[in-house]
Structure formats: structure tokens, C-alpha cells
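S.K.: This one is model-v9.txt, compact mmCIF, C-alpha atoms.
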```
# COMPACT_ATOMS: atom_id res chain seq x y z
CA MET A 15 23.81 14.29 44.21
CA GLY A 16 20.76 14.53 41.96
CA ASN A 17 18.14 12.03 40.96
CA GLY A 18 20.43 9.43 39.42
CA ASN A 19 19.91 10.45 35.78
CA SER A 20 23.41 11.78 35.30
CA GLY A 21 26.86 10.48 35.86
CA PRO A 22 28.95 7.67 34.46
CA ASN A 23 26.24 4.97 34.70
CA ASN A 24 23.90 6.93 32.43
CA TRP A 25 26.64 7.30 29.80
CA ASN A 26 27.37 3.58 29.98
CA HIS A 27 23.72 2.84 29.20
CA TYR A 28 23.80 5.35 26.36
CA TRP A 29 26.84 3.70 24.75
CA LEU A 30 25.38 0.25 25.33
CA ASP A 31 22.10 1.26 23.65
CA LEU A 32 23.95 2.94 20.79
CA SER A 33 26.13 -0.12 20.22
CA CYS A 34 23.03 -2.35 20.19
CA VAL A 35 21.37 -0.15 17.57
CA VAL A 36 24.51 -0.13 15.43
CA PHE A 37 24.89 -3.90 15.81
CA LYS A 38 21.27 -4.49 14.74
CA LYS A 39 21.70 -2.24 11.68
CA ILE A 40 24.87 -4.10 10.69
CA GLN A 41 23.16 -7.43 11.28
CA ARG A 42 20.20 -6.37 9.10
CA ALA A 43 22.53 -5.15 6.34
CA LEU A 44 24.44 -8.45 6.42
CA LEU A 45 21.19 -10.38 6.22
CA VAL A 46 20.03 -8.39 3.19
CA SER A 47 23.41 -8.74 1.50
CA SER A 48 23.43 -12.50 2.13
CA TYR A 49 19.98 -12.78 0.51
CA LEU A 50 21.23 -10.81 -2.48
CA TYR A 51 24.33 -13.01 -2.67
CA ILE A 52 22.22 -16.20 -2.63
CA LEU A 53 19.89 -14.76 -5.29
CA ALA A 54 22.89 -13.83 -7.47
CA VAL A 55 24.35 -17.33 -7.14
CA ILE A 56 21.03 -18.90 -8.14
CA LEU A 57 20.62 -16.60 -11.16
CA VAL A 58 24.19 -17.17 -12.34
CA SER A 59 23.72 -20.92 -11.91
CA VAL A 60 20.53 -20.91 -13.95
CA VAL A 61 22.13 -18.94 -16.77
CA ALA A 62 25.65 -20.45 -16.74
CA ILE A 63 24.91 -24.15 -16.18
CA PRO A 64 23.07 -25.74 -19.13
CA ASN A 65 19.53 -26.67 -18.07
CA PRO A 66 15.99 -26.40 -19.48
CA LEU A 67 15.14 -23.30 -17.45
CA GLY A 68 18.28 -21.52 -18.63
CA GLU A 69 17.45 -22.41 -22.23
CA ARG A 70 13.95 -21.00 -21.86
CA LEU A 71 15.30 -17.79 -20.37
CA LYS A 72 17.73 -17.45 -23.29
CA GLU A 73 14.83 -17.91 -25.73
CA LEU A 74 13.05 -14.98 -24.10
CA THR A 75 15.85 -12.68 -25.25
CA SER A 76 15.07 -13.54 -28.87
CA ILE A 77 11.55 -12.09 -28.74
CA ASN A 78 10.98 -9.14 -31.03
CA ILE A 79 9.22 -6.57 -28.85
CA ASN A 80 7.54 -4.92 -31.85
CA ASP A 81 6.11 -8.20 -33.17
CA PRO A 82 6.24 -10.87 -30.45
CA LEU A 83 4.31 -13.44 -32.51
CA LYS A 84 7.29 -13.80 -34.88
CA THR A 85 9.28 -15.99 -32.53
CA ASN A 86 10.45 -19.46 -33.56
CA ASN A 87 9.44 -21.24 -30.38
CA TYR A 88 5.96 -22.75 -30.78
CA TYR A 89 5.01 -22.78 -27.09
CA LEU A 90 6.35 -19.32 -26.43
CA LYS A 91 4.45 -17.98 -29.44
CA GLN A 92 1.26 -19.59 -28.14
CA ARG A 93 1.60 -18.08 -24.68
CA ILE A 94 2.38 -14.65 -26.12
CA PHE A 95 -0.68 -14.88 -28.37
CA TYR A 96 -2.91 -15.90 -25.45
CA ASN A 97 -1.72 -12.90 -23.41
CA VAL A 98 -2.07 -10.46 -26.32
CA PHE A 99 -5.53 -11.86 -27.08
CA GLY A 100 -6.54 -11.50 -23.42
CA ILE A 101 -5.32 -7.91 -23.19
CA GLU A 102 -7.15 -6.99 -26.42
CA GLU A 103 -10.36 -8.55 -25.13
CA ILE A 104 -10.00 -6.64 -21.86
CA LYS A 105 -9.64 -3.38 -23.80
CA ASP A 106 -12.73 -4.13 -25.89
CA ASN A 107 -14.89 -5.52 -23.06
CA TYR A 108 -13.61 -3.74 -19.99
CA PHE A 109 -16.86 -3.42 -18.07
CA LYS A 110 -18.72 -6.61 -18.92
CA GLY A 111 -16.03 -9.23 -19.66
CA ILE A 112 -16.65 -11.91 -22.29
CA GLY A 113 -17.44 -14.99 -20.21
CA PRO A 114 -15.55 -18.29 -20.20
CA GLN A 115 -17.94 -19.88 -22.70
CA ASN A 116 -16.98 -17.28 -25.33
CA VAL A 117 -13.18 -17.52 -25.07
CA PRO A 118 -12.70 -20.39 -27.60
CA ASN A 119 -15.05 -18.87 -30.20
CA ARG A 120 -13.53 -15.41 -29.97
CA MET A 121 -10.01 -16.84 -30.03
CA LYS A 122 -10.83 -18.92 -33.11
CA GLN A 123 -12.25 -15.84 -34.84
CA THR A 124 -9.16 -13.77 -33.96
CA ILE A 125 -6.83 -16.50 -35.25
CA MET A 126 -8.79 -16.65 -38.51
CA ASP A 127 -8.85 -12.84 -38.86
CA LYS A 128 -5.09 -12.58 -38.39
CA ASN A 129 -4.33 -15.62 -40.63
CA ILE A 130 -2.37 -17.39 -37.91
CA THR A 131 -1.85 -21.06 -38.70
CA ASP A 132 0.43 -22.38 -35.98
CA ILE A 133 -1.51 -21.48 -32.82
CA ARG A 134 -4.06 -23.79 -31.28
CA VAL A 135 -7.39 -22.53 -29.96
CA SER A 136 -7.65 -22.95 -26.22
CA ASP A 137 -10.53 -22.66 -23.79
CA HIS A 138 -8.44 -20.55 -21.41
CA LEU A 139 -5.52 -18.14 -21.61
CA HIS A 140 -2.95 -19.94 -19.40
CA ASN A 141 -2.81 -16.83 -17.23
CA ASP A 142 -4.88 -16.92 -14.06
CA PHE A 143 -5.13 -13.15 -13.75
CA LEU A 144 -6.50 -12.76 -17.28
CA ASP A 145 -8.66 -15.87 -17.07
CA ILE A 146 -10.41 -15.44 -13.76
CA ILE A 147 -10.55 -11.74 -13.15
CA LYS A 148 -10.86 -10.00 -16.50
CA ILE A 149 -11.94 -12.37 -19.24
CA TRP A 150 -14.27 -14.70 -17.39
CA PHE A 151 -16.04 -12.08 -15.39
CA ASN A 152 -15.66 -8.29 -15.32
CA LYS A 153 -14.08 -5.41 -13.42
CA TYR A 154 -16.65 -5.63 -10.64
CA SER A 155 -15.65 -9.23 -9.99
CA PHE A 156 -12.05 -8.06 -9.84
CA ILE A 157 -12.89 -5.51 -7.14
CA ILE A 158 -14.91 -8.03 -5.08
CA PHE A 159 -12.18 -10.66 -5.48
CA ASN A 160 -9.49 -8.27 -4.22
CA LEU A 161 -11.63 -7.04 -1.32
CA PHE A 162 -12.40 -10.60 -0.25
CA PHE A 163 -8.76 -11.67 -0.18
CA HIS A 164 -7.56 -8.39 1.30
CA CYS A 165 -10.10 -8.51 4.14
CA ASN A 166 -9.43 -12.19 4.85
CA GLY A 167 -5.70 -11.53 4.86
CA GLN A 168 -6.16 -8.78 7.47
CA LYS A 169 -7.79 -11.27 9.85
CA TYR A 170 -4.73 -13.51 9.99
CA ARG A 171 -2.02 -10.88 10.43
```
Could you spell out this file's structure in C-alpha cells?
M.R.:
Amino acid sequence: MGNGNSGPNNWNHYWLDLSCVVFKKIQRALLVSSYLYILAVILVSVVAIPNPLGERLKELTSININDPLKTNNYYLKQRIFYNVFGIEEIKDNYFKGIGPQNVPNRMKQTIMDKNITDIRVSDHLHNDFLDIIKIWFNKYSFIIFNLFFHCNGQKYR
């Protein structure tokens, strides 16, 4: 007799539950593999089919890691310089930043010091992270910025 927790019906529920768990795991694995397949198709298409994005990606492979400013592409060289300049300024002015009003003057001075002739002075670094958080302000702004967005993001989850 018993309390109804044993017998063939209990085993049927066990196998049913087990098959549901296995099915969900297989379904999740298929979903992940389909995402990977779609991503692979997109990447192969970008690289194999001639297009401007594919050409830009191929130019990235020609960058000399030891001296990135010796690339032949003007725009790529500019962007690399802006990032290198931003990182150097962060290292030198980690706690206080340099302020947005000082970016063009400091960039002009750096270009003159390094005898670079084919890079234009810009009033920003074309990199939002470097511009807003580190160069324009300072590390304390970075902390406040992250706390603000992190706390606001928690509200909507």
C-alpha cells in the first residue's frame, strides 16, 4: 500500500522529468550552435566577399605591433595615434585628467615633438572611453560614471 510515493507512476514521472531536462539541454546546445553557425557565416561573408568592411579588416593585419604608426593607411594611422596619445596622457595624468580644452594643444605638442607630419590635430580622440572618462575628466569621474549606470541598470532588471 504505502503513501503513493512508490510504484510505477513515480518512475514514469521520473523518466518524464529526466527526458524534459535532457531535451532542454539539447535544445540549448542547438541554440548556441546555431548562433555560432550564423556568426561564422557572417564572418566568412565579410572576409570572403569583397566589400569595404572586409578591406578594412584586411588592412588591420598589416599593422606592425612594435611600431603601429608606420602603417600606410592614413585614417588607420590617425586613429592609432589618437589611441596611443590618449593612453600616454592617461599614464601621465592618471588622477587629475587633462581636460577637454587641453587635448588639441597637448596633441599638437606631441605631434611636433615626435616629428609626425601626416596626422591632423583633433579636439577629441575618436574613442568615447578615452574622451569622456579618462582624458576629459579623471578617475573619480570614471567611478561615479560607472556607479550611476550600474545603479540605474539594476532598477530596470
S.K.: What separation in Å, quoted to one decimal, exists between CA of Lys122 in chain A and CA of Asn97 in chain A?
M.R.: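 Between these atoms lies a distance of 14.6 Å.
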S.K.: Just to confirm, what's the straight-line distance from CA of Lys84 in chain A to CA of Phe143 in chain A in Å (one decimal)?
M.R.: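 The value is 24.5 Å.
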S.K.: Do a neighbour search on Glu73 in chain A at 12 Å with all atoms listed in the file, toss out local chain neighbours closer than 3 positions, and write the hits as a VMD selection string.
M.R.: chain A and resid 61 66 to 70 76 to 78 85 to 91
S.K.: So how many Å separate CA of Leu50 in chain A and CA of Phe37 in chain A, to one decimal?
M.R.: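 Those two atoms sit 19.9 Å apart.
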S.K.: Taking only C-alpha atoms into account, name the residue in A:Ile94, A:Leu144, A:Val36, A:Met126 that is nearest to Ile112 in chain A.
M.R.: A:Leu144
S.K.: Name the residues in contact with range 127-141 of chain A at a cut-off of 9 Å, using all atoms listed in the file, excluding same-chain residues fewer than 5 positions from it; report them as a ChimeraX atom specification.
M.R.: /A:88-89,91-93,95-97,99-100,114-119,121-122,146,149
S.K.: Reconstruct range 106-119 of chain A at the level of N, CA, C and O atoms, and format the result as a PDB file, in the frame of the given file.
M.R.:
```
ATOM      1  N   ASP A 106     -11.457  -4.226 -25.175  1.00  0.00           N
ATOM      2  CA  ASP A 106     -12.730  -4.130 -25.890  1.00  0.00           C
ATOM      3  C   ASP A 106     -13.939  -4.366 -24.981  1.00  0.00           C
ATOM      4  O   ASP A 106     -15.029  -3.881 -25.262  1.00  0.00           O
ATOM      5  N   ASN A 107     -13.767  -5.153 -23.917  1.00  0.00           N
ATOM      6  CA  ASN A 107     -14.890  -5.520 -23.060  1.00  0.00           C
ATOM      7  C   ASN A 107     -14.553  -5.264 -21.602  1.00  0.00           C
ATOM      8  O   ASN A 107     -14.687  -6.150 -20.751  1.00  0.00           O
ATOM      9  N   TYR A 108     -14.132  -4.061 -21.317  1.00  0.00           N
ATOM     10  CA  TYR A 108     -13.610  -3.740 -19.990  1.00  0.00           C
ATOM     11  C   TYR A 108     -14.661  -3.891 -18.898  1.00  0.00           C
ATOM     12  O   TYR A 108     -14.389  -4.434 -17.841  1.00  0.00           O
ATOM     13  N   PHE A 109     -15.868  -3.428 -19.135  1.00  0.00           N
ATOM     14  CA  PHE A 109     -16.860  -3.420 -18.070  1.00  0.00           C
ATOM     15  C   PHE A 109     -17.620  -4.731 -17.933  1.00  0.00           C
ATOM     16  O   PHE A 109     -17.996  -5.108 -16.846  1.00  0.00           O
ATOM     17  N   LYS A 110     -17.853  -5.425 -19.007  1.00  0.00           N
ATOM     18  CA  LYS A 110     -18.720  -6.610 -18.920  1.00  0.00           C
ATOM     19  C   LYS A 110     -17.991  -7.933 -19.043  1.00  0.00           C
ATOM     20  O   LYS A 110     -18.561  -8.966 -18.759  1.00  0.00           O
ATOM     21  N   GLY A 111     -16.715  -7.952 -19.463  1.00  0.00           N
ATOM     22  CA  GLY A 111     -16.030  -9.230 -19.660  1.00  0.00           C
ATOM     23  C   GLY A 111     -16.600  -9.950 -20.864  1.00  0.00           C
ATOM     24  O   GLY A 111     -17.496  -9.450 -21.544  1.00  0.00           O
ATOM     25  N   ILE A 112     -16.097 -11.174 -21.154  1.00  0.00           N
ATOM     26  CA  ILE A 112     -16.650 -11.910 -22.290  1.00  0.00           C
ATOM     27  C   ILE A 112     -17.223 -13.254 -21.870  1.00  0.00           C
ATOM     28  O   ILE A 112     -17.942 -13.870 -22.638  1.00  0.00           O
ATOM     29  N   GLY A 113     -16.915 -13.716 -20.679  1.00  0.00           N
ATOM     30  CA  GLY A 113     -17.440 -14.990 -20.210  1.00  0.00           C
ATOM     31  C   GLY A 113     -16.576 -16.152 -20.674  1.00  0.00           C
ATOM     32  O   GLY A 113     -16.059 -16.138 -21.796  1.00  0.00           O
ATOM     33  N   PRO A 114     -16.423 -17.161 -19.848  1.00  0.00           N
ATOM     34  CA  PRO A 114     -15.550 -18.290 -20.200  1.00  0.00           C
ATOM     35  C   PRO A 114     -16.065 -19.097 -21.385  1.00  0.00           C
ATOM     36  O   PRO A 114     -15.285 -19.681 -22.126  1.00  0.00           O
ATOM     37  N   GLN A 115     -17.375 -19.114 -21.587  1.00  0.00           N
ATOM     38  CA  GLN A 115     -17.940 -19.880 -22.700  1.00  0.00           C
ATOM     39  C   GLN A 115     -17.619 -19.253 -24.050  1.00  0.00           C
ATOM     40  O   GLN A 115     -17.680 -19.924 -25.077  1.00  0.00           O
ATOM     41  N   ASN A 116     -17.242 -17.968 -24.071  1.00  0.00           N
ATOM     42  CA  ASN A 116     -16.980 -17.280 -25.330  1.00  0.00           C
ATOM     43  C   ASN A 116     -15.497 -17.215 -25.705  1.00  0.00           C
ATOM     44  O   ASN A 116     -15.162 -16.774 -26.796  1.00  0.00           O
ATOM     45  N   VAL A 117     -14.612 -17.612 -24.801  1.00  0.00           N
ATOM     46  CA  VAL A 117     -13.180 -17.520 -25.070  1.00  0.00           C
ATOM     47  C   VAL A 117     -12.772 -18.332 -26.302  1.00  0.00           C
ATOM     48  O   VAL A 117     -12.122 -17.802 -27.213  1.00  0.00           O
ATOM     49  N   PRO A 118     -13.143 -19.626 -26.417  1.00  0.00           N
ATOM     50  CA  PRO A 118     -12.700 -20.390 -27.600  1.00  0.00           C
ATOM     51  C   PRO A 118     -13.216 -19.819 -28.924  1.00  0.00           C
ATOM     52  O   PRO A 118     -12.467 -19.730 -29.902  1.00  0.00           O
ATOM     53  N   ASN A 119     -14.485 -19.405 -28.957  1.00  0.00           N
ATOM     54  CA  ASN A 119     -15.050 -18.870 -30.200  1.00  0.00           C
ATOM     55  C   ASN A 119     -14.379 -17.570 -30.608  1.00  0.00           C
ATOM     56  O   ASN A 119     -14.045 -17.362 -31.776  1.00  0.00           O
TER      57      ASN A 119
END
```
